[in-house]
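Take a look at the structure set out below.
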Amino acid sequence: MGREVKRGKDDRGIMNVKTVTFKGGIHPKYNKELTAAKPIRPATLPQIAVIPLQQHVGAPCKPLVKAGDDVKVGQKIGEAGGFVSVPVHASVSGKVTAVEPRLHPGGQQVMSVVIESDGQDTVDENVQSKGDIDKLSGKEIIDIIKEAGIAGLGGAAFPTHVKLSPPPDKKVDLVIINGAECEPYLTCDHRLMLEQTDDVVYGTRAIMKALGVSKGIIAIENNKPDAIATMLEATSSYANIEVMALKTKYPQGAEKQLIKAITGKEVPSGGLPADVGTVVDNVGTAVAIAMAIKTGMPLIERAVTVTGRGINEPANLMVRIGTPFSELIDECGGFSDKPGKVIMGGPMMGIAQYSLDVPVIKGTSGILVLTEEEAKPPQVQVCIRCARCVEACPADLLPLYISRYALAGMYDKAEQYNAMDCIECGCCSFECPAKRPLVESIRLAKRTIAANRRKAG
Amino acid sequence: MENEQLVVSSSPHVRSESSVSGIMLDVVIALVPAVIAAAIFFGIRALFIIGISIATAVLTEALIQYLMKKPVTINDWSAVVTGLLLAFNLPPTAPWWLVVIGSAFAIAIVKQLFGGLGYNFLNPALAARAFLLASWPVRMTAWVQPGADAVTTATPLAILKGTEAAGQLPSLMNMFVGNIGGTIGETSALALLIGAAYLLYKRVINWRIPFIYIATVGVLTWILGPDGAFTGQPLYHILGGGLILGAFFMATDYVTSPVTPLGQIIMGLGCGIITVVIRLYGGYPEGVSYSILFMNVAAPLIERYTVPKKFGEVKSRA
């Protein structure tokens with residue numbers, strides 16, 4: 001796995017940084033070497049951008065444009081549908097050809113604005129620098145973030161301004177910037193920390209100011225010693241921003257596990273990070289916030305790792321939102337062979353795609369192509385009660401029992417075994433020697449229990 | 001469309017290399033040093049018994065699965081493990097038919113009758129041993145000294161207990177390497193510990209059950225000595241009898257021990273206490289088998305009361 005080699009580097013580069021972690025977790029093959037050394041390059045602009053009106057957790061946007069309208073880069077084309085919602089913006093300039101349901105990488109049809117690019121990449125007049133964070137108030141920063149359509153770029157796409165507006169009774173005193181990037185294969189956050197180091201720091205400062213917090217920690221897994229060293233140097237002039245090394249272990253970047261590793265505090269079951277005085281944002285989100293303040297450009301592009309053994313030339317690309325997966329795959333030299341699986345995100349929590357005709361959205365951290373051999377479904381055997389799922393579960397659950405009850409349709413029993421506390425990291429299924437669909441069935445139980453709760457009202 | 005052939009499934013999309021057959025094979029590998037020790041101390045007859053036991057176990061499993069029209073899973077190595085462990089629990093003098101009956105009983109009655117791998121509530125090898133001991137008590141306790149001439153002897157535990165003809169306790173060194181009377185696989189602590197180290201290193205087993213089991217036996221036999229407190233001989237109790245074999249290879253059986261960390265600790269403690277009670281105060285000189293079987297039965301209950309505290313549980317009540 002090469003862990004030992006990297007550990008040696010740590011000792012040299014980050015001597016004064018302590019390494020922290022959480023209980024449980026797994027050590028999958030990371031496969032980051034495919035793209036870790038590849039700088040982010042801009043992807044070719046899409047000819048047709050499909051921009052879903054829902055790319056975030058929360059209410060969908062209301063469209064502000066109709067077929068035939070001309071739009072420019074950065075222009076708002078969808079208005080937030082509520083507080084827990086963010087607007088969407090045109091990522092290319094050109095003509096709106098349709099506002100209609102299109103296939104979304106989440107798997108469903110979602111109302112989307114389809115823009116035919118004029119190739120000019122004309123920027124909207126409203127895209128103007130918002131000035132310096134020192135002159136902006138916390139409230140103004142939050143408004144800028146909201147208007148820029150920023151939703152967590154780590155993958156979950158939770159509206160960032162909501163995180164930055166905790167209820168008044170919750171006292172937040174720590175901001176954690178998540179540079180763990182614990183998902184195998186993905187390296188876009190790693191590259192952002194190396195290449196847009198100052199933006200990461202700028203975004204961190206903006207988030208701290210928005211929350212009125214005096215302490216920030218940038219947390220990075222120790223398999224990225226160069227990123228740790230770079231961030232250490234960039235933050236050396238800010239006494240209130242610390243860089244912390246995390247043990248390389250999946251799911252180190254999961255929000256609650258990250259907070260536990262750094263602060264020793266456990267976010268209460270069913271609670272939020274703010275309950276333990278913490279807010280966590282991804283490094284990509286910090287960069288997006290820096291751009292929104294410095295240049296005024298809303299979230300219209302993001303770094304995407306296109307990778308896997310099923311692709312010819314794995315790469316890190318800066319991609320406009322709305323670019324179809326198929327174009328990015330072509331841009332990376334196409335499939336190396338008949339593809340087995342195409343996944344949005346990483347291999348542990350990513351979503352398998354059945355069509356390449358889906359657009360990159362705000363939560364698209366990667367496009368992973370597995371070969372036919374890698375994608376072969378494993379043969380499922382009986383549970384031998386080896387307890388590897390129990391040892392691996394970072395939420396301290398008994399996955400074998402929740403799964404057993406879920407598969408038997410006994411959802412009330414699954415709930416008694418704390419199914420709703422599952423973070424769906426997939427460690428249990430990964431470790432299972434019998435290749436049982438543990439997290440897959442637990443996920444089913446969670447959905448069913450949540451639906452039943454809604455019904456019960 | 002080319003995309004129609006993309007595999008779509010729920011995450012995760014990668015799996016570890018581990019497999020059921022790989023784990024079982026690791027257990028077999030870990031038992032090889034003890035097989036070699038058995039061959040050295042008890043001769044070719046030990047290998048003969050081991051061979052019959054494994055062959056019977058595998059054939060019985062295949063036959064039953066075939067008759068019940070279930071997929072035949074003998075290539076998962078679990079029947080080999082059962083056959084091997086049963087042979088380890090038999091005296092080197094066991095006649096071939098006893099081995100066949102025991103091995104078939106382990107697979108047919110204890111394992112397959114309850115649903116096969118993953119569903120048996122007792123350790124098949126140990127349950128079969130208990131069955132044989134109840135049915136043919138004399139043949140199951142016909143101990144011989146290591147060596148070609150098969151001189152009858154008493155086990156160290158029987159000597160300690162003083163129930164059988166008073167003999168001379170063997171040296172601790174002989175007990176450590178296995179040059180003593182006992183069942184085929186239990187006598188060589190050295191060989192078993194090499195295998196145990198392999199299983200721990202490969203993370204097939206963890207420390208909880210075996211270490212706590214052995215420590216409990218050591219501490220209790222030391223305290224509850226024959227001539228008052230702290231006059232016991234813990235090393236004889238640890239090295240004599242089937243404790244090392246039982247603690248590392250039988251009590252750790254996945255199917256019949258708790259999956260919860262606290263449950264595993266209780267399993268080790270319970271096995272240790274019952275073993276000591278049987279050895280010191282019960283009718284038998286040895287109590288490892290029965291203590292593990294007893295804790296097997298208790299395992300589901302232990303598990304129910306040792307569900308780990310979920311992440312973030314305490315503070316939600318605050």
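Each chain of the structure tokens is named A, B, ... in the order shown, its residues numbered from 1; ligands are numbered from 1 in display order.
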
Mind listing as an mmCIF file with N, CA and C atoms, in the first residue's frame which residues of chain A are within 6 Å of chain B, counting only C-alpha atoms?
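Listing of part-v5.cif after writing:
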```
data_model
loop_
_atom_site.group_PDB
_atom_site.id
_atom_site.type_symbol
_atom_site.label_atom_id
_atom_site.label_comp_id
_atom_site.auth_asym_id
_atom_site.auth_seq_id
_atom_site.Cartn_x
_atom_site.Cartn_y
_atom_site.Cartn_z
ATOM 1 N N GLU A 266 -17.883 13.851 20.858
ATOM 2 C CA GLU A 266 -18.790 13.121 19.975
ATOM 3 C C GLU A 266 -20.029 13.959 19.713
ATOM 4 N N VAL A 267 -20.315 14.193 18.430
ATOM 5 C CA VAL A 267 -21.553 14.873 18.079
ATOM 6 C C VAL A 267 -22.690 13.962 18.531
ATOM 7 N N PRO A 268 -23.653 14.489 19.308
ATOM 8 C CA PRO A 268 -24.706 13.613 19.815
ATOM 9 C C PRO A 268 -25.476 12.944 18.679
ATOM 10 N N SER A 269 -25.926 11.736 18.967
ATOM 11 C CA SER A 269 -26.721 10.987 18.004
ATOM 12 C C SER A 269 -27.895 11.841 17.533
ATOM 13 N N GLY A 340 -16.732 -1.115 -16.726
ATOM 14 C CA GLY A 340 -17.607 -1.923 -15.888
ATOM 15 C C GLY A 340 -18.584 -1.059 -15.121
ATOM 16 N N LYS A 341 -18.048 -0.007 -14.512
ATOM 17 C CA LYS A 341 -18.872 0.845 -13.669
ATOM 18 C C LYS A 341 -18.381 2.274 -13.796
ATOM 19 N N PRO A 347 -15.078 5.383 -4.522
ATOM 20 C CA PRO A 347 -15.580 4.008 -4.537
ATOM 21 C C PRO A 347 -16.331 3.603 -3.272
ATOM 22 N N MET A 348 -16.132 4.332 -2.170
ATOM 23 C CA MET A 348 -16.781 3.916 -0.926
ATOM 24 C C MET A 348 -18.213 4.450 -0.808
ATOM 25 N N MET A 349 -18.436 5.691 -1.251
ATOM 26 C CA MET A 349 -19.775 6.264 -1.085
ATOM 27 C C MET A 349 -20.340 6.832 -2.379
ATOM 28 N N ALA A 352 -23.210 4.902 -8.500
ATOM 29 C CA ALA A 352 -23.004 4.276 -9.811
ATOM 30 C C ALA A 352 -23.984 4.866 -10.819
ATOM 31 N N TYR A 354 -25.973 4.919 -14.587
ATOM 32 C CA TYR A 354 -26.377 4.017 -15.663
ATOM 33 C C TYR A 354 -26.340 4.701 -17.013
ATOM 34 N N SER A 355 -26.074 6.014 -16.997
ATOM 35 C CA SER A 355 -25.929 6.735 -18.260
ATOM 36 C C SER A 355 -24.792 7.739 -18.093
ATOM 37 N N CYS A 383 -23.294 -15.231 6.629
ATOM 38 C CA CYS A 383 -22.553 -14.538 7.680
ATOM 39 C C CYS A 383 -21.929 -15.566 8.606
ATOM 40 N N ILE A 384 -20.628 -15.436 8.850
ATOM 41 C CA ILE A 384 -19.974 -16.348 9.786
ATOM 42 C C ILE A 384 -19.732 -15.663 11.132
ATOM 43 N N ARG A 385 -20.310 -14.505 11.308
ATOM 44 C CA ARG A 385 -20.240 -13.761 12.583
ATOM 45 C C ARG A 385 -18.798 -13.436 12.995
ATOM 46 N N CYS A 386 -17.979 -13.094 12.034
ATOM 47 C CA CYS A 386 -16.567 -12.856 12.334
ATOM 48 C C CYS A 386 -16.366 -11.535 13.065
ATOM 49 N N ALA A 387 -17.388 -10.662 13.050
ATOM 50 C CA ALA A 387 -17.369 -9.393 13.778
ATOM 51 C C ALA A 387 -16.432 -8.350 13.161
ATOM 52 N N ALA A 395 -19.375 4.118 13.706
ATOM 53 C CA ALA A 395 -20.503 4.612 14.498
ATOM 54 C C ALA A 395 -20.808 3.674 15.659
ATOM 55 N N ASP A 396 -19.967 2.674 15.877
ATOM 56 C CA ASP A 396 -20.124 1.706 16.966
ATOM 57 C C ASP A 396 -21.455 0.955 16.905
ATOM 58 N N LEU A 397 -21.814 0.526 15.716
ATOM 59 C CA LEU A 397 -23.049 -0.244 15.558
ATOM 60 C C LEU A 397 -22.713 -1.716 15.356
ATOM 61 N N GLY A 426 -19.832 2.536 4.577
ATOM 62 C CA GLY A 426 -19.549 1.320 3.812
ATOM 63 C C GLY A 426 -18.407 0.472 4.343
ATOM 64 N N PHE A 430 -17.279 -3.336 3.087
ATOM 65 C CA PHE A 430 -15.916 -3.472 2.582
ATOM 66 C C PHE A 430 -15.205 -4.614 3.284
ATOM 67 N N GLU A 431 -15.330 -4.664 4.609
ATOM 68 C CA GLU A 431 -14.583 -5.655 5.383
ATOM 69 C C GLU A 431 -15.170 -7.059 5.302
ATOM 70 N N PRO A 433 -15.977 -10.622 4.924
ATOM 71 C CA PRO A 433 -15.368 -11.677 4.118
ATOM 72 C C PRO A 433 -16.412 -12.462 3.326
ATOM 73 N N ALA A 434 -17.659 -12.443 3.792
ATOM 74 C CA ALA A 434 -18.720 -13.157 3.075
ATOM 75 C C ALA A 434 -19.355 -12.268 2.011
#
```

Discussion item. I'd like the neighbourhood of Ile311 of chain A as a ChimeraX atom specification, where a residue qualifies if any of its atoms comes within 10 Å (using only C-alpha atoms), though same-chain residues fewer than 2 positions away should be ignored.
Written reply: /A:306-309,313-315,329-330,332-339,342,367-371

Output N, CA and C atoms for every residue in the selection just made, as an mmCIF file, in the first residue's frame.
```
data_model
loop_
_atom_site.group_PDB
_atom_site.id
_atom_site.type_symbol
_atom_site.label_atom_id
_atom_site.label_comp_id
_atom_site.auth_asym_id
_atom_site.auth_seq_id
_atom_site.Cartn_x
_atom_site.Cartn_y
_atom_site.Cartn_z
ATOM 1 N N VAL A 306 -11.023 12.784 -12.469
ATOM 2 C CA VAL A 306 -11.520 11.749 -13.382
ATOM 3 C C VAL A 306 -10.478 10.648 -13.366
ATOM 4 N N THR A 307 -10.860 9.474 -12.880
ATOM 5 C CA THR A 307 -9.823 8.487 -12.568
ATOM 6 C C THR A 307 -10.328 7.052 -12.670
ATOM 7 N N GLY A 308 -9.454 6.137 -12.353
ATOM 8 C CA GLY A 308 -9.778 4.712 -12.379
ATOM 9 C C GLY A 308 -9.027 3.994 -13.479
ATOM 10 N N ARG A 309 -8.930 2.662 -13.336
ATOM 11 C CA ARG A 309 -8.204 1.885 -14.348
ATOM 12 C C ARG A 309 -9.004 1.737 -15.627
ATOM 13 N N GLU A 313 -6.492 8.287 -19.551
ATOM 14 C CA GLU A 313 -5.591 9.294 -18.997
ATOM 15 C C GLU A 313 -6.235 9.964 -17.787
ATOM 16 N N PRO A 314 -6.143 9.336 -16.617
ATOM 17 C CA PRO A 314 -6.729 9.933 -15.412
ATOM 18 C C PRO A 314 -6.195 11.357 -15.200
ATOM 19 N N ALA A 315 -7.035 12.252 -14.700
ATOM 20 C CA ALA A 315 -6.623 13.653 -14.590
ATOM 21 C C ALA A 315 -7.442 14.364 -13.524
ATOM 22 N N ILE A 329 -15.008 12.164 -19.911
ATOM 23 C CA ILE A 329 -14.371 10.876 -20.181
ATOM 24 C C ILE A 329 -13.600 10.942 -21.499
ATOM 25 N N ASP A 330 -14.196 11.578 -22.500
ATOM 26 C CA ASP A 330 -13.481 11.771 -23.773
ATOM 27 C C ASP A 330 -12.230 12.618 -23.555
ATOM 28 N N CYS A 332 -10.399 12.740 -21.121
ATOM 29 C CA CYS A 332 -9.358 11.958 -20.447
ATOM 30 C C CYS A 332 -8.980 10.714 -21.250
ATOM 31 N N GLY A 333 -9.122 10.819 -22.556
ATOM 32 C CA GLY A 333 -8.640 9.739 -23.416
ATOM 33 C C GLY A 333 -9.611 8.587 -23.579
ATOM 34 N N GLY A 334 -10.822 8.735 -23.033
ATOM 35 C CA GLY A 334 -11.830 7.695 -23.213
ATOM 36 C C GLY A 334 -11.573 6.478 -22.336
ATOM 37 N N PHE A 335 -12.459 5.484 -22.501
ATOM 38 C CA PHE A 335 -12.347 4.255 -21.708
ATOM 39 C C PHE A 335 -11.161 3.443 -22.189
ATOM 40 N N SER A 336 -10.474 2.805 -21.260
ATOM 41 C CA SER A 336 -9.330 1.990 -21.627
ATOM 42 C C SER A 336 -9.796 0.664 -22.224
ATOM 43 N N ASP A 337 -10.974 0.243 -21.825
ATOM 44 C CA ASP A 337 -11.536 -1.006 -22.318
ATOM 45 C C ASP A 337 -13.035 -0.867 -22.123
ATOM 46 N N LYS A 338 -13.754 -1.961 -22.250
ATOM 47 C CA LYS A 338 -15.181 -1.886 -21.963
ATOM 48 C C LYS A 338 -15.332 -1.505 -20.496
ATOM 49 N N PRO A 339 -16.021 -0.390 -20.184
ATOM 50 C CA PRO A 339 -16.115 0.017 -18.769
ATOM 51 C C PRO A 339 -17.049 -0.905 -17.992
ATOM 52 N N VAL A 342 -19.304 3.226 -13.864
ATOM 53 C CA VAL A 342 -18.933 4.633 -13.817
ATOM 54 C C VAL A 342 -19.586 5.218 -12.563
ATOM 55 N N ILE A 367 -15.131 11.401 -10.985
ATOM 56 C CA ILE A 367 -15.776 10.436 -11.866
ATOM 57 C C ILE A 367 -14.813 9.261 -11.918
ATOM 58 N N LEU A 368 -15.269 8.140 -11.386
ATOM 59 C CA LEU A 368 -14.401 6.971 -11.269
ATOM 60 C C LEU A 368 -14.896 5.891 -12.222
ATOM 61 N N VAL A 369 -14.001 5.411 -13.062
ATOM 62 C CA VAL A 369 -14.371 4.355 -14.007
ATOM 63 C C VAL A 369 -13.674 3.064 -13.588
ATOM 64 N N LEU A 370 -14.465 2.072 -13.230
ATOM 65 C CA LEU A 370 -13.902 0.768 -12.884
ATOM 66 C C LEU A 370 -13.946 -0.133 -14.117
ATOM 67 N N THR A 371 -12.957 -1.017 -14.228
ATOM 68 C CA THR A 371 -12.956 -1.962 -15.341
ATOM 69 C C THR A 371 -14.026 -3.020 -15.107
#
```

Item to complete: For segment 169-173 of chain A, work out the shell of residues within 12 Å, counting only C-alpha atoms and skipping chain neighbours fewer than 6 positions away, then give it as a ChimeraX atom specification.
Response: /A:163,207-217,240,263,271-280

Discussion item. Calculated over only C-alpha atoms, which of the candidates B:Ser135, B:Asn123, B:Asn206, B:Thr221 has the smallest distance to Ala299 of chain B?
Written reply: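 Answer, going by the shortest atom-to-atom distance: B:Asn123.
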
Worksheet item: Any idea what the distance is between atom CA of Leu280 of chain B and atom CA of Leu85 of chain B?
Response: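 These atoms are spaced 25.4 Å apart.
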
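Here atom CA of Thr19 of chain A and atom CA of Phe158 of chain A stand 27.9 Å from one another.
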
Item to complete: Go ahead and compute the interatomic distance for atom CA of Pro156 of chain B and atom CA of Ala197 of chain B, in Å to one decimal.
Response: 24.9 Å
